[in-house]
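J.: Provided herewith: my_file14.cif, mmCIF, C-alpha atoms.
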data_start
loop_
_atom_site.label_atom_id
_atom_site.label_comp_id
_atom_site.auth_asym_id
_atom_site.auth_seq_id
_atom_site.Cartn_x
_atom_site.Cartn_y
_atom_site.Cartn_z
CA MET A 1 32.98 135.75 103.04
CA LYS A 2 36.66 136.68 103.26
CA LYS A 3 38.99 134.12 101.71
CA ILE A 4 42.55 133.36 102.79
CA GLY A 5 44.63 131.74 100.07
CA ILE A 6 48.04 130.12 100.04
CA LEU A 7 50.23 130.22 96.93
CA PHE A 8 52.87 127.48 96.93
CA GLY A 9 55.12 125.26 94.85
CA GLN A 10 56.64 121.87 95.60
CA GLU A 11 56.10 121.77 99.37
CA ASN A 12 53.51 119.32 100.62
CA SER A 13 52.75 119.29 104.34
CA PHE A 14 52.52 122.97 105.31
CA PRO A 15 50.00 124.32 102.73
CA GLN A 16 47.39 121.63 103.45
CA ALA A 17 47.85 121.84 107.22
CA PHE A 18 47.60 125.65 107.08
CA VAL A 19 44.32 125.59 105.13
CA ASP A 20 42.85 122.83 107.30
CA ARG A 21 43.71 124.62 110.56
CA ILE A 22 42.06 127.88 109.49
CA ASN A 23 38.91 126.09 108.42
CA GLN A 24 38.87 124.07 111.66
CA LYS A 25 38.80 127.31 113.64
CA ALA A 26 35.50 128.16 111.92
CA GLU A 27 35.87 131.91 112.23
CA LYS A 28 32.72 133.69 111.08
CA ASN A 29 32.87 134.73 107.39
CA ILE A 30 36.47 133.50 106.97
CA SER A 31 37.63 130.46 105.00
CA ALA A 32 40.92 129.21 103.54
CA GLU A 33 41.87 127.47 100.31
CA PHE A 34 44.68 126.99 97.81
CA VAL A 35 44.96 130.03 95.53
CA ARG A 36 43.60 129.44 92.05
CA ILE A 37 44.51 131.85 89.22
CA ASP A 38 42.89 131.51 85.80
CA LYS A 39 43.50 135.07 84.61
CA VAL A 40 45.12 138.28 85.85
CA LEU A 41 43.56 141.52 84.61
CA GLN A 42 45.21 144.84 85.33
CA ALA A 43 43.81 146.56 88.44
CA GLU A 44 41.32 143.71 88.98
CA PRO A 45 41.33 141.82 92.32
CA LEU A 46 41.98 138.11 92.78
CA ASP A 47 39.08 137.72 95.24
CA TYR A 48 41.28 136.98 98.26
CA ALA A 49 41.43 139.08 101.43
CA VAL A 50 44.79 137.49 102.32
CA ILE A 51 47.33 135.53 100.26
CA VAL A 52 50.28 133.76 101.87
CA ASP A 53 53.06 133.70 99.28
CA ARG A 54 55.39 130.71 99.35
CA ILE A 55 56.63 130.59 95.75
CA SER A 56 56.76 133.92 93.88
CA GLN A 57 60.51 134.21 94.48
CA ASP A 58 60.87 131.47 91.85
CA VAL A 59 57.95 132.40 89.55
CA PRO A 60 58.00 135.99 88.22
CA PHE A 61 54.44 135.59 86.88
CA TYR A 62 53.19 135.03 90.43
CA ARG A 63 55.13 138.02 91.73
CA ALA A 64 53.47 140.29 89.16
CA ALA A 65 50.04 138.83 89.95
CA LEU A 66 50.55 139.43 93.69
CA LYS A 67 51.52 143.05 93.17
CA ASN A 68 48.36 143.51 91.13
CA ALA A 69 46.32 141.87 93.89
CA ALA A 70 47.97 144.05 96.53
CA ILE A 71 47.09 147.27 94.73
CA CYS A 72 43.47 146.07 94.77
CA GLY A 73 43.51 145.53 98.54
CA THR A 74 44.73 141.98 99.16
CA ALA A 75 46.95 141.61 102.22
CA VAL A 76 49.89 139.68 100.74
CA ILE A 77 52.20 137.87 103.17
CA ASN A 78 54.98 138.89 102.53
CA ASN A 79 54.83 142.34 100.91
CA PRO A 80 55.71 141.57 97.25
CA PHE A 81 57.05 145.07 96.58
CA TRP A 82 59.52 144.97 99.46
CA TRP A 83 60.45 141.36 98.76
CA SER A 84 61.30 142.37 95.17
CA ALA A 85 63.57 145.16 96.41
CA ASP A 86 65.30 143.38 99.27
CA GLU A 87 68.53 141.38 99.23
CA LYS A 88 71.03 139.96 101.69
CA PHE A 89 73.78 142.56 101.38
CA PHE A 90 71.32 145.38 102.16
CA ASN A 91 70.07 143.36 105.12
CA ASN A 92 73.59 143.21 106.53
CA ALA A 93 74.00 146.95 106.13
CA LEU A 94 70.68 147.54 107.90
CA ALA A 95 71.69 145.20 110.73
CA VAL A 96 74.88 147.22 111.27
CA LYS A 97 72.79 150.38 111.57
CA LEU A 98 70.51 148.62 114.08
CA SER A 99 73.50 147.44 116.17
CA VAL A 100 72.76 143.78 115.47
CA PRO A 101 76.08 141.87 115.12
CA VAL A 102 76.77 140.48 111.62
CA PRO A 103 79.90 139.03 109.97
CA LYS A 104 82.14 141.42 108.03
CA THR A 105 80.83 141.38 104.47
CA VAL A 106 81.60 142.96 101.08
CA ILE A 107 79.77 142.72 97.77
CA LEU A 108 81.55 141.74 94.54
CA PRO A 109 80.70 142.40 90.89
CA SER A 110 79.84 139.37 88.78
CA LYS A 111 82.84 137.59 87.31
CA GLU A 112 81.24 137.49 83.85
CA LEU A 113 79.55 140.44 82.19
CA PRO A 114 75.75 140.39 82.52
CA ASP A 115 73.79 139.84 79.32
CA ASP A 116 73.47 142.90 77.07
CA THR A 117 76.47 144.64 78.66
CA THR A 118 80.06 145.28 77.53
CA ASP A 119 83.26 146.55 79.13
CA ARG A 120 81.96 150.06 78.51
CA SER A 121 79.06 149.35 80.86
CA PHE A 122 81.55 149.12 83.72
CA ARG A 123 83.64 152.24 83.18
CA ASN A 124 82.88 153.37 86.75
CA LEU A 125 84.30 150.18 88.22
CA ALA A 126 87.94 150.35 89.27
CA TYR A 127 90.10 147.60 87.80
CA PRO A 128 91.58 145.75 89.51
CA LEU A 129 89.50 146.01 92.65
CA ASP A 130 91.29 146.72 95.92
CA TRP A 131 91.67 143.02 96.66
CA ASP A 132 94.18 143.60 99.47
CA GLY A 133 91.75 145.95 101.21
CA ILE A 134 88.87 143.49 100.75
CA PHE A 135 90.84 140.48 102.03
CA ASN A 136 92.27 142.41 104.99
CA TYR A 137 88.75 143.48 105.98
CA VAL A 138 87.05 140.07 105.70
CA GLY A 139 89.95 137.74 106.46
CA PHE A 140 90.26 134.00 105.79
CA PRO A 141 88.70 131.49 106.09
CA ALA A 142 85.65 133.07 104.51
CA TYR A 143 82.43 132.25 102.67
CA MET A 144 81.20 133.44 99.31
CA LYS A 145 77.53 133.29 98.32
CA PRO A 146 75.03 135.13 96.08
CA PHE A 147 73.94 138.49 97.46
CA ASP A 148 70.28 137.69 96.76
CA GLY A 149 70.20 133.89 96.80
CA GLY A 150 69.13 131.23 99.24
CA GLY A 151 68.74 127.52 99.81
CA TRP A 152 72.50 126.99 100.14
CA LYS A 153 72.94 127.42 96.37
CA GLU A 154 76.33 128.57 95.04
CA VAL A 155 77.90 128.76 98.51
CA TYR A 156 81.69 128.40 98.68
CA GLN A 157 84.03 128.02 101.64
CA LEU A 158 87.37 129.74 101.00
CA GLN A 159 90.65 129.09 102.77
CA ASN A 160 92.95 131.69 101.27
CA ARG A 161 93.49 134.20 98.47
CA GLU A 162 94.28 131.57 95.83
CA ASP A 163 91.24 129.53 96.78
CA PHE A 164 89.10 132.65 96.47
CA PHE A 165 90.14 133.41 92.89
CA ASN A 166 89.71 129.78 91.83
CA LYS A 167 86.14 129.74 93.16
CA TYR A 168 85.32 133.29 92.06
CA ASP A 169 86.14 132.27 88.48
CA GLN A 170 83.29 129.74 88.69
CA THR A 171 80.56 132.19 89.71
CA LYS A 172 79.59 133.28 86.15
CA GLN A 173 77.05 136.14 86.31
CA TYR A 174 76.19 135.82 89.99
CA VAL A 175 76.74 138.92 92.12
CA MET A 176 78.48 137.50 95.17
CA MET A 177 79.12 138.44 98.77
CA LEU A 178 82.40 137.66 100.49
CA GLN A 179 81.75 137.11 104.18
CA GLU A 180 83.82 136.51 107.28
CA GLU A 181 83.59 132.97 108.62
CA VAL A 182 82.06 132.72 112.08
CA VAL A 183 83.25 129.58 113.85
CA PHE A 184 80.31 128.99 116.16
CA GLU A 185 79.65 127.04 119.34
CA ASP A 186 75.88 127.21 118.89
CA TYR A 187 73.44 128.02 116.11
CA PHE A 188 69.79 129.09 116.00
CA ARG A 189 67.15 129.20 113.32
CA CYS A 190 64.24 131.39 114.36
CA TYR A 191 60.78 131.73 112.87
CA CYS A 192 59.19 135.14 113.17
CA ILE A 193 55.51 135.58 112.29
CA GLY A 194 53.69 138.89 112.42
CA GLY A 195 56.83 140.71 113.50
CA LYS A 196 56.35 139.56 117.11
CA HIS A 197 55.76 135.81 117.37
CA VAL A 198 59.16 134.08 117.63
CA ARG A 199 60.11 130.40 117.67
CA ILE A 200 63.81 129.85 118.46
CA MET A 201 65.12 126.49 117.30
CA GLN A 202 68.60 125.18 118.02
CA TYR A 203 70.00 124.04 114.71
CA GLU A 204 73.07 122.36 113.24
CA PRO A 205 73.64 123.48 109.63
CA ARG A 206 76.59 121.10 109.27
CA ASN A 207 74.31 118.07 109.59
CA PRO A 208 72.47 116.51 106.62
CA HIS A 209 69.34 118.50 105.81
CA HIS A 210 66.89 116.13 107.52
CA LEU A 211 69.01 116.03 110.70
CA ARG A 212 69.72 119.73 111.19
CA TYR A 213 67.17 120.05 113.99
CA GLU A 214 68.54 116.92 115.67
CA HIS A 215 71.42 118.86 117.20
CA GLY A 216 71.87 117.00 120.51
CA LYS A 217 73.04 120.17 122.26
CA ALA A 218 72.22 121.33 125.77
CA PRO A 219 69.52 124.03 126.00
CA ALA A 220 70.86 127.55 125.54
CA ALA A 221 70.99 130.09 128.38
CA LYS A 222 67.92 132.31 128.86
CA LYS A 223 69.96 135.51 128.58
CA LEU A 224 71.27 134.46 125.18
CA LEU A 225 67.79 133.44 124.01
CA ASP A 226 66.37 136.80 125.13
CA THR A 227 69.03 138.62 123.10
CA VAL A 228 68.31 136.46 120.06
CA LYS A 229 64.57 137.11 120.35
CA ASP A 230 65.17 140.85 120.62
CA TYR A 231 67.33 140.81 117.47
CA VAL A 232 64.78 138.69 115.56
CA ILE A 233 61.92 141.08 116.31
CA LYS A 234 63.99 144.16 115.56
CA LEU A 235 65.21 142.86 112.19
CA ASN A 236 61.76 141.72 111.05
CA GLN A 237 60.01 144.90 112.14
CA TYR A 238 62.52 147.07 110.32
CA LEU A 239 62.45 144.87 107.22
CA GLY A 240 58.67 144.53 107.34
CA TYR A 241 58.46 140.76 106.92
CA ASP A 242 55.33 138.97 108.19
CA PHE A 243 56.75 135.47 107.77
CA ASN A 244 60.51 134.98 107.88
CA THR A 245 63.36 133.09 109.50
CA VAL A 246 66.55 134.51 110.99
CA GLU A 247 69.67 132.44 111.57
CA PHE A 248 72.32 133.18 114.20
CA ALA A 249 75.79 131.75 114.71
CA VAL A 250 77.00 132.19 118.30
CA ARG A 251 80.69 132.97 118.70
CA ASN A 252 82.16 133.73 122.13
CA GLY A 253 78.64 134.19 123.47
CA ILE A 254 77.69 136.76 120.82
CA PRO A 255 74.88 135.87 118.35
CA TYR A 256 75.78 136.98 114.80
CA ALA A 257 72.89 137.28 112.34
CA ILE A 258 74.01 135.10 109.43
CA ASP A 259 70.94 134.93 107.24
CA PHE A 260 67.70 136.85 107.70
CA CYS A 261 66.17 137.15 104.25
CA ASN A 262 64.08 133.96 104.10
CA PRO A 263 60.51 135.14 103.42
CA ALA A 264 59.45 131.67 102.20
CA PRO A 265 61.26 129.56 104.80
CA ASP A 266 61.18 125.78 104.89
CA ALA A 267 58.20 124.60 106.93
CA GLU A 268 57.98 120.96 105.92
CA VAL A 269 57.27 118.65 108.84
CA THR A 270 59.93 116.20 107.62
CA SER A 271 62.66 118.80 108.04
CA VAL A 272 61.58 121.04 110.95
CA GLY A 273 60.08 118.29 113.15
CA GLN A 274 56.55 117.89 114.48
CA GLU A 275 56.68 120.38 117.38
CA ASN A 276 58.12 123.20 115.27
CA PHE A 277 55.72 122.36 112.45
CA ASP A 278 52.69 122.53 114.76
CA TRP A 279 53.81 125.92 116.08
CA VAL A 280 54.27 127.35 112.58
CA VAL A 281 50.89 126.07 111.37
CA GLU A 282 49.01 127.37 114.42
CA THR A 283 50.74 130.76 114.55
CA ALA A 284 50.49 131.35 110.80
CA ALA A 285 46.80 130.41 110.81
CA ASP A 286 46.01 132.80 113.67
CA TYR A 287 48.00 135.59 112.05
CA ALA A 288 46.33 135.14 108.64
CA ILE A 289 42.89 135.22 110.26
CA ASP A 290 43.81 138.42 112.10
CA ARG A 291 44.98 140.02 108.85
CA ALA A 292 41.76 138.96 107.12
CA LYS A 293 39.65 140.59 109.84
CA LYS A 294 41.60 143.86 109.51
CA GLN A 295 41.70 143.83 105.68
CA LYS A 296 39.81 146.67 103.98
CA THR A 297 38.91 146.36 100.32
CA GLY A 298 40.54 148.87 98.01
CA LEU A 299 43.12 150.04 100.54
CA ASP A 300 46.78 149.20 101.08
CA ASN A 301 46.77 146.20 103.42
CA LEU A 302 50.49 145.42 103.16
CA THR A 303 53.06 145.49 105.94
CA TRP A 304 55.70 148.18 105.47
CA GLY A 305 58.78 147.97 107.67
CA GLU A 306 60.23 150.66 109.88
CA TYR A 307 63.03 151.24 107.39
CA VAL A 308 60.52 152.29 104.71
CA LYS A 309 58.42 154.29 107.18
CA THR A 310 61.35 156.29 108.55
CA SER A 311 62.67 156.89 105.03
CA ALA A 312 59.31 158.22 103.85
CA ALA A 313 58.94 160.39 106.95
CA LYS A 314 62.53 161.72 106.66
CA THR A 315 63.19 160.71 110.26
CA PRO A 316 66.23 158.94 111.76
CA LEU A 317 66.37 155.18 111.34
CA ILE A 318 66.88 154.83 115.09
CA SER A 319 65.27 157.52 117.24
CA PRO A 320 67.75 159.11 119.65
CA LYS A 321 67.12 158.39 123.31
CA PRO A 322 65.17 161.25 124.94
CA VAL A 323 67.24 163.48 127.22
CA LYS A 324 65.82 163.81 130.70
CA LYS A 325 65.08 167.43 131.53
CA GLU A 326 65.24 168.92 134.99
CA ILE A 327 61.92 170.19 136.32
CA TYR A 328 61.56 173.60 137.95
CA ILE A 329 58.50 175.12 139.63
CA GLY A 330 58.15 178.89 139.91
CA ARG A 331 61.14 180.41 141.65
CA VAL A 332 62.31 177.11 143.16
CA ASN A 333 65.76 176.68 141.65
CA PRO A 334 66.83 173.13 142.60
CA PRO A 335 65.27 170.41 140.42
CA VAL A 336 62.25 168.71 141.96
CA GLU A 337 63.29 165.07 142.39
CA THR A 338 60.19 163.36 143.72
CA GLU A 339 56.43 163.79 143.64
CA SER A 340 56.33 164.02 147.44
CA LYS A 341 58.65 167.03 147.41
CA VAL A 342 56.46 168.79 144.88
CA LYS A 343 53.40 168.30 147.07
CA LYS A 344 55.27 169.49 150.14
CA VAL A 345 56.35 172.70 148.43
CA ALA A 346 52.82 173.32 147.24
CA LYS A 347 51.52 173.16 150.84
CA ALA A 348 53.73 176.04 152.01
CA PRO A 349 51.28 179.01 151.86
CA ALA A 350 53.75 181.78 151.21
CA LEU A 351 55.68 179.95 148.51
CA ALA A 352 52.52 178.51 146.98
CA LYS A 353 51.19 182.02 146.58
CA GLU A 354 54.48 183.09 145.07
CA VAL A 355 54.44 180.20 142.65
CA ALA A 356 50.86 180.67 141.60
CA GLN A 357 51.06 184.46 141.46
CA PRO A 358 54.59 185.79 140.97
CA VAL A 359 55.29 188.97 142.93
CA LYS A 360 54.31 192.11 140.96
CA VAL A 361 55.48 195.64 141.58
CA LYS A 362 52.69 198.21 141.33
CA ALA A 363 53.19 200.69 138.53
CA ALA A 364 52.62 203.65 140.87
CA GLU A 365 55.12 202.47 143.45
CA LYS A 366 58.26 203.02 141.42
CA PRO A 367 57.62 206.67 140.41
CA LYS A 368 56.60 207.48 143.97
CA LYS A 369 59.83 206.17 145.41
CA GLU A 370 61.87 208.06 142.82
CA LYS A 371 60.11 211.33 143.69
CA GLU A 372 60.74 210.78 147.38
CA VAL A 373 64.43 210.18 146.71
CA LYS A 374 64.73 213.41 144.62
CA LYS A 375 62.81 215.42 147.21
CA ALA A 376 65.04 214.16 150.00
CA ALA A 377 68.13 215.08 147.99
CA LYS A 378 66.93 218.73 147.60
CA LYS A 379 65.99 219.15 151.27
CA PRO A 380 68.60 221.28 153.12
CA ALA A 381 70.62 219.62 155.80
CA ALA A 382 69.42 220.11 159.40
CA LYS A 383 71.24 222.80 161.35
CA LYS A 384 73.42 221.60 164.11
#
How does the structure come out when it is put into structure tokens?
T.:
Amino acid sequence: MKKIGILFGQENSFPQAFVDRINQKAEKNISAEFVRIDKVLQAEPLDYAVIVDRISQDVPFYRAALKNAAICGTAVINNPFWWSADEKFFNNALAVKLSVPVPKTVILPSKELPDDTTDRSFRNLAYPLDWDGIFNYVGFPAYMKPFDGGGWKEVYQLQNREDFFNKYDQTKQYVMMLQEEVVFEDYFRCYCIGGKHVRIMQYEPRNPHHLRYEHGKAPAAKKLLDTVKDYVIKLNQYLGYDFNTVEFAVRNGIPYAIDFCNPAPDAEVTSVGQENFDWVVETAADYAIDRAKKQKTGLDNLTWGEYVKTSAAKTPLISPKPVKKEIYIGRVNPPVETESKVKKVAKAPALAKEVAQPVKVKAAEKPKKEKEVKKAAKKPAAKK
């Protein structure tokens, strides 16, 4: 029996619904339950084929336990190694490389020195920073938020230079990002499961939390939704996330990826609404079952994104588009444009023979001709 477990914290509706839906499907030799950990021994498995992680970002003990489970063959959703390494500023840089629009963003050192450091720890940091260059690049109004945070914690809206320094002084040891404000006419929050299943939800982040999906807006245009879906899939496949949300702010018809590092996204029915909740439960259950069926004990069953794969293979992040080459057959110089033309040429007996067997000059022919030429040159001219 292969077990699918879910590891979670304070959320209520999603974990139970997820477990119930998998068990209702009654797949042969597959069951689901809440993860139970009573001990973690090095290099010893946790007896789960799949674990859906909803809480290790807040509990380091769980993160360590999941890495240990992964090395023993558990398919952890999401990859705990990549999740440990990832952060929002890197995501923005990756999006730029993938040609996905993002707001102009810079990263800032913490206002206060981190624990166990002194001024000497920062001798490579220029002081003062090039504030004029930073402000000219980002502009105002702007937002400032932790480079690796989430849940709208420590987020500041900034109106000008003075406002920035007043708020920056309050950020303590947080490493912050300063980001261009995108004044949007529409906003989307998109679930992505398995790197291919996408649920686009119109969203209003300026509403109270429980009303953010009650946007009251007209449905978005199909062309815009297709672009958003394409960006969602591209970002998640390159990052390697199995379960994530991506948020877009639409300005002048262009969707800007605002936040796409949410590997334990809110899935409570009271916040996302019944229809969205049902989709997430059903899609996550099907995906977890699929991963359980493909899981092989003792092997790496994690998802690694295209960024990691291309880095390991020393290949370009984005493969260049192949250049179309002109096709030539035998001694036919113009490029063959259509299949019908190729067939027509092949039916011409003389040319077909020439193509299949290029003309060869017999070895004896050339010397013979040369001798005849020399002999003719020595022959005396005819008498008149």
J.: Enumerate, as a tab-separated table (two decimals) with C-alpha atoms, keeping the file's coordinate frame, the residues matched when the PyMOL selection byres ((chain A and resi 251) around 9) is run on the file above.
T.:
chain	number	residue	atom	x	y	z
A	182	VAL	CA	82.06	132.72	112.08
A	183	VAL	CA	83.25	129.58	113.85
A	184	PHE	CA	80.31	128.99	116.16
A	185	GLU	CA	79.65	127.04	119.34
A	186	ASP	CA	75.88	127.21	118.89
A	249	ALA	CA	75.79	131.75	114.71
A	250	VAL	CA	77.00	132.19	118.30
A	252	ASN	CA	82.16	133.73	122.13
A	253	GLY	CA	78.64	134.19	123.47
A	254	ILE	CA	77.69	136.76	120.82
A	255	PRO	CA	74.88	135.87	118.35
A	256	TYR	CA	75.78	136.98	114.80
J.: For a quick check of understanding, using only C-alpha atoms, which of A:Asp53, A:Arg63, A:Lys97, A:Ala75 has the smallest distance to Tyr307 in chain A?
T.: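 So, comparing all the options, the nearest one is A:Lys97.
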J.: Go through the shown structure with the PyMOL selection byres ((chain A and resi 58) around 12) and write out the matching residues as a PyMOL selection string.
T.: chain A and resi 7-10+53-57+59-64+84+149-151+264
J.: Can you list, as a ChimeraX atom specification, every protein, DNA or RNA residue that comes within 7 Å of range 194-207 of chain A when you count only C-alpha atoms, leaving out same-chain residues fewer than 5 positions away?
T.: /A:187-189,212-213,215,229,233,236-237,241-243,287
J.: Determine the residue membership of the PyMOL selection byres ((chain A and resi 138-144) around 10) for the file above and supply it as a CSV table (one decimal) with C-alpha atoms, keeping the file's coordinate frame.
T.:
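Writing the result to part_31.csv gives the following:
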chain,number,residue,atom,x,y,z
A,103,PRO,CA,79.9,139.0,110.0
A,104,LYS,CA,82.1,141.4,108.0
A,105,THR,CA,80.8,141.4,104.5
A,106,VAL,CA,81.6,143.0,101.1
A,107,ILE,CA,79.8,142.7,97.8
A,108,LEU,CA,81.6,141.7,94.5
A,133,GLY,CA,91.8,146.0,101.2
A,134,ILE,CA,88.9,143.5,100.8
A,135,PHE,CA,90.8,140.5,102.0
A,136,ASN,CA,92.3,142.4,105.0
A,137,TYR,CA,88.8,143.5,106.0
A,145,LYS,CA,77.5,133.3,98.3
A,146,PRO,CA,75.0,135.1,96.1
A,147,PHE,CA,73.9,138.5,97.5
A,154,GLU,CA,76.3,128.6,95.0
A,155,VAL,CA,77.9,128.8,98.5
A,156,TYR,CA,81.7,128.4,98.7
A,157,GLN,CA,84.0,128.0,101.6
A,158,LEU,CA,87.4,129.7,101.0
A,159,GLN,CA,90.6,129.1,102.8
A,160,ASN,CA,93.0,131.7,101.3
A,161,ARG,CA,93.5,134.2,98.5
A,163,ASP,CA,91.2,129.5,96.8
A,164,PHE,CA,89.1,132.6,96.5
A,167,LYS,CA,86.1,129.7,93.2
A,168,TYR,CA,85.3,133.3,92.1
A,171,THR,CA,80.6,132.2,89.7
A,176,MET,CA,78.5,137.5,95.2
A,177,MET,CA,79.1,138.4,98.8
A,178,LEU,CA,82.4,137.7,100.5
A,179,GLN,CA,81.8,137.1,104.2
A,180,GLU,CA,83.8,136.5,107.3
A,181,GLU,CA,83.6,133.0,108.6
A,182,VAL,CA,82.1,132.7,112.1
A,183,VAL,CA,83.2,129.6,113.8
J.: Residues within 12 Å of Lys296 in chain A, please, as a list in words. Count only C-alpha atoms; anything in the same chain fewer than 3 positions from it doesn't count.
T.: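 Close residues of Lys296 in chain A: Lys2, Tyr48, Ala49, Val50, Ala70, Ile71, Cys72, Gly73, Thr74, Ala75, Arg291, Ala292, Lys293, Leu299, Asp300, Asn301 and Leu302 of chain A.
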J.: Please, what distance in Å, to one decimal, runs between CA of Asn276 in chain A and CA of Leu98 in chain A?
T.: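 Spanning CA of Asn276 in chain A to CA of Leu98 in chain A is a straight-line distance of 28.3 Å.
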J.: From the options A:Lys28, A:Ala221, A:Gln295, A:Ala285, which residue's atoms come nearest to Ile6 in chain A, counting all atoms listed in the file?
T.: A:Ala285
J.: To one decimal in Å, tell me the separation between CA of Ala257 in chain A and CA of Leu239 in chain A.
T.: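 Computing it gives 13.9 Å between the two atoms.
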J.: Grab the CA of Ser271 in chain A to CA of Glu87 in chain A distance for me, in Å with one decimal place.
T.: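 So the answer is 24.9 Å.
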J.: Would you mind telling me which residue in A:Ala32, A:Ile318, A:Cys190, A:Ala85 lies nearest to Asp266 in chain A when using only C-alpha atoms?
T.: A:Cys190
J.: Name the residues within 6 Å of (51.7, 138.0, 101.0), counting all atoms listed in the file in the file's coordinates, and put them as number ranges by chain.
T.: A: 51-53, 76-79
J.: Please provide as a ChimeraX atom specification all residues within 12 Å of Thr270 in chain A, with the sequence filter that same-chain residues fewer than 5 positions apart are discarded (counting only C-alpha atoms).
T.: /A:11-14,209-214,275-278
J.: Using C-alpha atoms, can you export the residues from the last selection as an mmCIF file, in the coordinates of the input?
T.:
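Writing the result to part-v6.cif gives the following:
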data_model
loop_
_atom_site.group_PDB
_atom_site.id
_atom_site.type_symbol
_atom_site.label_atom_id
_atom_site.label_comp_id
_atom_site.auth_asym_id
_atom_site.auth_seq_id
_atom_site.Cartn_x
_atom_site.Cartn_y
_atom_site.Cartn_z
ATOM 1 C CA GLU A 11 56.100 121.770 99.370
ATOM 2 C CA ASN A 12 53.510 119.320 100.620
ATOM 3 C CA SER A 13 52.750 119.290 104.340
ATOM 4 C CA PHE A 14 52.520 122.970 105.310
ATOM 5 C CA HIS A 209 69.340 118.500 105.810
ATOM 6 C CA HIS A 210 66.890 116.130 107.520
ATOM 7 C CA LEU A 211 69.010 116.030 110.700
ATOM 8 C CA ARG A 212 69.720 119.730 111.190
ATOM 9 C CA TYR A 213 67.170 120.050 113.990
ATOM 10 C CA GLU A 214 68.540 116.920 115.670
ATOM 11 C CA GLU A 275 56.680 120.380 117.380
ATOM 12 C CA ASN A 276 58.120 123.200 115.270
ATOM 13 C CA PHE A 277 55.720 122.360 112.450
ATOM 14 C CA ASP A 278 52.690 122.530 114.760
#
J.: Just checking: using all atoms listed in the file, which residue out of A:Leu129, A:Ala95, A:Ile37, A:Ala69 ends up closest to Val232 in chain A?
T.: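 Between A:Leu129, A:Ala95, A:Ile37, A:Ala69, the residue approaching Val232 in chain A most closely is A:Ala95.
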J.: Using all atoms listed in the file, find all polymer residues with an atom at most 6 Å away from the point (77.8, 134.3, 84.1); report them as a short mmCIF file (atom, residue, chain, number, x, y, z; two decimals) with C-alpha atoms, keeping the file's coordinate frame.
T.:
data_model
loop_
_atom_site.label_atom_id
_atom_site.label_comp_id
_atom_site.auth_asym_id
_atom_site.auth_seq_id
_atom_site.Cartn_x
_atom_site.Cartn_y
_atom_site.Cartn_z
CA GLU A 112 81.24 137.49 83.85
CA LYS A 172 79.59 133.28 86.15
CA GLN A 173 77.05 136.14 86.31
#
